[in-house]
Amino acid sequence: MDKIEITNTGAEASSSAPAKKKRIFSAIQPSGAMTFGNYLGAIRNWVRLQDEFECVYATANLHAITVRQDPKKLKENTVNLFALLIASGVDPEKCILFNQSMVPAHAELSWVLSTFTQFGELSRMTQFKDKSARHADNINAGLFTYPSLMAADILLYQADLVPVGDDQRQHLELTRDIAVRFNGIYGNTFVVPEPYITKNAARVRSLLDPSKKMSKSDPNTKSYILMVDEPASIMKKFRSAVTDSEACVRYAEGKDGINNLIEIYSACTGKSYEEIEDEFRGKGYGDFKNAVGEAVVAELEPIQVKYKELLKDKKYLDELAQKGAESASKLAKRTIDKVYKKVGLVR
Ligand code: TRP
């Protein structure tokens, strides 16, 4: 892969463009290997948004420590996610890509915003309720105030739009409430962000139980595809995906297994459901599953090659991370300076 020239970031250049692009912010927690669901649901989308919008993307490692982490693993997961995003096509020339912990303004604004976030509001967050049930031995204050940090991420960059999945909708709503509240007290300070809904974003389901979302926390590794899975393993997992007894490739109610495979195939090939039904008319599920597996391999293989290549050059990755953090810090500084001044915090 050609190295990216890191003297100038596209994001800086585009701020002087005549028609101002809307700004997008999004982040992903470095929680280990990403699934194909993460790819189709978020990562590939990030790549597609880069031309139309001014994008600011982060690895959310400060969020990750709300659940106890092994320090070595966390660091490794962060570097790996950073590299995987670039390998997937997130282009540090076109957007700002950085690690959250490298821009201290996130922690600073998070503290200020936590004083504009009510206990009652945080208590209503379904993710907090879920996570505190799952980690009953470590219900720490950070897990509770997690949404204030997420609000800080978004509001620091004055983002207009935030692409989020259903599980983060409530946090984005709270971010909007915090922004409106702060603006109401101190005058216009934050852009109030809107959710960015992707048309036809594939929601990838478990290969073994399509009533569930594809998730790497599933104990059965055959239920999910990891972005770094070997092609042979991907093919095998698709061959063992659950279907039904009708032996007809068509998108219909009650055919959740086949519907999931059709959605995946459609997302990879760009073919419509009708085209897919035509393609496999009269053919068995075996042929179809092979085709889906091959389409997924075709999507992931080039990413895997770039990913491995990038990881060999830690110094280069580090330079990109530094550069990204610098660009992010410049934008973040404007907001945090304004906020400190308005609140009356001496600098
Ligand atoms: N909380 C998000 C998640 O777990 C990650 C995240 C952190 C995020 N900060 C964000 C997403 C800001 C969107 C905007 O998926």
# chains A, B, ... in the order shown; residues from 1 in each chain; ligands from 1
>>> select_by_dssp(residues="segment 258-288 of chain A", states="alpha helix (DSSP H)", output="list of chain:residue names")
A:Ile258, A:Asn259, A:Asn260, A:Leu261, A:Ile262, A:Glu263, A:Ile264, A:Tyr265, A:Ser266, A:Ala267, A:Cys268, A:Thr269, A:Tyr273, A:Glu274, A:Glu275, A:Ile276, A:Glu277, A:Asp278, A:Glu279, A:Tyr285, A:Gly286, A:Asp287, A:Phe288
>>> residues_near_ligand(ligand="ligand 1", cutoff="9 Å", atoms="only C-alpha atoms and all ligand atoms", output="PDB file with N, CA and C atoms, in the first residue's frame")
ATOM      1  N   PHE A  25     -19.200  13.405  13.472  1.00  0.00           N
ATOM      2  CA  PHE A  25     -18.301  12.790  14.449  1.00  0.00           C
ATOM      3  C   PHE A  25     -18.795  11.387  14.748  1.00  0.00           C
ATOM      4  N   SER A  26     -17.867  10.450  14.845  1.00  0.00           N
ATOM      5  CA  SER A  26     -18.222   9.130  15.353  1.00  0.00           C
ATOM      6  C   SER A  26     -17.005   8.458  15.979  1.00  0.00           C
ATOM      7  N   ALA A  27     -17.264   7.485  16.816  1.00  0.00           N
ATOM      8  CA  ALA A  27     -16.177   6.771  17.495  1.00  0.00           C
ATOM      9  C   ALA A  27     -16.558   5.316  17.696  1.00  0.00           C
ATOM     10  N   ILE A  28     -15.530   4.482  17.791  1.00  0.00           N
ATOM     11  CA  ILE A  28     -15.736   3.056  18.065  1.00  0.00           C
ATOM     12  C   ILE A  28     -14.823   2.671  19.218  1.00  0.00           C
ATOM     13  N   GLN A  29     -15.338   1.895  20.139  1.00  0.00           N
ATOM     14  CA  GLN A  29     -14.498   1.441  21.255  1.00  0.00           C
ATOM     15  C   GLN A  29     -13.533   0.352  20.784  1.00  0.00           C
ATOM     16  N   TYR A  57     -13.191  11.119  13.246  1.00  0.00           N
ATOM     17  CA  TYR A  57     -13.403   9.771  13.768  1.00  0.00           C
ATOM     18  C   TYR A  57     -12.380   9.443  14.853  1.00  0.00           C
ATOM     19  N   ALA A  58     -12.829   8.707  15.860  1.00  0.00           N
ATOM     20  CA  ALA A  58     -11.926   8.373  16.958  1.00  0.00           C
ATOM     21  C   ALA A  58     -12.065   6.925  17.401  1.00  0.00           C
ATOM     22  N   THR A  59     -10.985   6.425  17.994  1.00  0.00           N
ATOM     23  CA  THR A  59     -11.102   5.197  18.768  1.00  0.00           C
ATOM     24  C   THR A  59     -11.406   5.656  20.193  1.00  0.00           C
ATOM     25  N   ALA A  60     -12.469   5.122  20.777  1.00  0.00           N
ATOM     26  CA  ALA A  60     -12.940   5.615  22.079  1.00  0.00           C
ATOM     27  C   ALA A  60     -12.326   4.800  23.212  1.00  0.00           C
ATOM     28  N   ASN A  61     -11.023   4.990  23.426  1.00  0.00           N
ATOM     29  CA  ASN A  61     -10.372   4.165  24.455  1.00  0.00           C
ATOM     30  C   ASN A  61     -10.673   4.649  25.881  1.00  0.00           C
ATOM     31  N   LEU A  62     -11.033   5.945  26.024  1.00  0.00           N
ATOM     32  CA  LEU A  62     -11.431   6.396  27.362  1.00  0.00           C
ATOM     33  C   LEU A  62     -12.754   5.743  27.767  1.00  0.00           C
ATOM     34  N   HIS A  63     -13.614   5.549  26.803  1.00  0.00           N
ATOM     35  CA  HIS A  63     -14.865   4.840  27.105  1.00  0.00           C
ATOM     36  C   HIS A  63     -14.598   3.388  27.499  1.00  0.00           C
ATOM     37  N   ALA A  64     -13.591   2.815  26.855  1.00  0.00           N
ATOM     38  CA  ALA A  64     -13.327   1.380  27.068  1.00  0.00           C
ATOM     39  C   ALA A  64     -12.987   1.050  28.522  1.00  0.00           C
ATOM     40  N   GLN A 100      -8.870   8.846  21.165  1.00  0.00           N
ATOM     41  CA  GLN A 100      -9.498   9.742  22.146  1.00  0.00           C
ATOM     42  C   GLN A 100      -8.559  10.171  23.273  1.00  0.00           C
ATOM     43  N   TYR A 146     -20.569   7.818  31.646  1.00  0.00           N
ATOM     44  CA  TYR A 146     -20.190   7.514  30.255  1.00  0.00           C
ATOM     45  C   TYR A 146     -20.867   8.449  29.235  1.00  0.00           C
ATOM     46  N   PRO A 147     -22.174   8.699  29.364  1.00  0.00           N
ATOM     47  CA  PRO A 147     -22.813   9.573  28.363  1.00  0.00           C
ATOM     48  C   PRO A 147     -22.287  11.011  28.372  1.00  0.00           C
ATOM     49  N   LEU A 149     -19.160  11.820  28.756  1.00  0.00           N
ATOM     50  CA  LEU A 149     -17.939  11.742  27.940  1.00  0.00           C
ATOM     51  C   LEU A 149     -18.305  11.650  26.457  1.00  0.00           C
ATOM     52  N   MET A 150     -19.321  10.898  26.171  1.00  0.00           N
ATOM     53  CA  MET A 150     -19.752  10.777  24.771  1.00  0.00           C
ATOM     54  C   MET A 150     -20.274  12.131  24.263  1.00  0.00           C
ATOM     55  N   ALA A 151     -20.983  12.842  25.118  1.00  0.00           N
ATOM     56  CA  ALA A 151     -21.454  14.182  24.742  1.00  0.00           C
ATOM     57  C   ALA A 151     -20.254  15.087  24.468  1.00  0.00           C
ATOM     58  N   ALA A 152     -19.234  14.970  25.307  1.00  0.00           N
ATOM     59  CA  ALA A 152     -18.020  15.779  25.119  1.00  0.00           C
ATOM     60  C   ALA A 152     -17.375  15.469  23.773  1.00  0.00           C
ATOM     61  N   ASP A 153     -17.288  14.194  23.419  1.00  0.00           N
ATOM     62  CA  ASP A 153     -16.702  13.793  22.129  1.00  0.00           C
ATOM     63  C   ASP A 153     -17.375  14.550  20.988  1.00  0.00           C
ATOM     64  N   ILE A 154     -18.684  14.511  21.026  1.00  0.00           N
ATOM     65  CA  ILE A 154     -19.477  15.041  19.915  1.00  0.00           C
ATOM     66  C   ILE A 154     -19.459  16.572  19.911  1.00  0.00           C
ATOM     67  N   VAL A 162     -24.247  12.700  13.672  1.00  0.00           N
ATOM     68  CA  VAL A 162     -23.569  11.578  14.326  1.00  0.00           C
ATOM     69  C   VAL A 162     -24.207  10.280  13.857  1.00  0.00           C
ATOM     70  N   PRO A 163     -23.452   9.468  13.094  1.00  0.00           N
ATOM     71  CA  PRO A 163     -23.999   8.170  12.719  1.00  0.00           C
ATOM     72  C   PRO A 163     -23.919   7.228  13.919  1.00  0.00           C
ATOM     73  N   VAL A 164     -25.054   6.798  14.383  1.00  0.00           N
ATOM     74  CA  VAL A 164     -25.065   5.878  15.531  1.00  0.00           C
ATOM     75  C   VAL A 164     -26.066   4.763  15.312  1.00  0.00           C
ATOM     76  N   GLY A 165     -25.774   3.633  15.880  1.00  0.00           N
ATOM     77  CA  GLY A 165     -26.703   2.509  15.859  1.00  0.00           C
ATOM     78  C   GLY A 165     -27.776   2.721  16.928  1.00  0.00           C
ATOM     79  N   ASP A 167     -28.351   1.246  19.599  1.00  0.00           N
ATOM     80  CA  ASP A 167     -27.903   1.146  20.995  1.00  0.00           C
ATOM     81  C   ASP A 167     -27.334   2.460  21.534  1.00  0.00           C
ATOM     82  N   GLN A 168     -26.980   3.393  20.631  1.00  0.00           N
ATOM     83  CA  GLN A 168     -26.403   4.664  21.084  1.00  0.00           C
ATOM     84  C   GLN A 168     -27.358   5.846  20.904  1.00  0.00           C
ATOM     85  N   HIS A 171     -28.044   7.875  24.055  1.00  0.00           N
ATOM     86  CA  HIS A 171     -26.905   8.721  24.438  1.00  0.00           C
ATOM     87  C   HIS A 171     -26.848   9.982  23.586  1.00  0.00           C
ATOM     88  N   LEU A 172     -27.207   9.847  22.320  1.00  0.00           N
ATOM     89  CA  LEU A 172     -27.195  11.011  21.438  1.00  0.00           C
ATOM     90  C   LEU A 172     -28.321  11.979  21.819  1.00  0.00           C
TER      91      LEU A 172
END
>>> select_by_dssp(residues="segment 177-208 of chain A", states="strand (DSSP E or B)", output="PyMOL selection string")
chain A and resi 194-196+205
>>> atom_distance(atom1="atom CA of Val192 of chain A", atom2="atom CA of Leu174 of chain A")
10.8 Å
>>> residues_around(residues="Glu121 of chain A", least_positions_apart="5", cutoff="12 Å", atoms="only C-alpha atoms", output="list in words")
Ser114, Phe116, Thr126, Phe128, Phe144, Thr145, Tyr146, Pro147, Ser148, Gln170, His171, Glu173, Leu174, Thr175, Asp177 and Ile178 of chain A
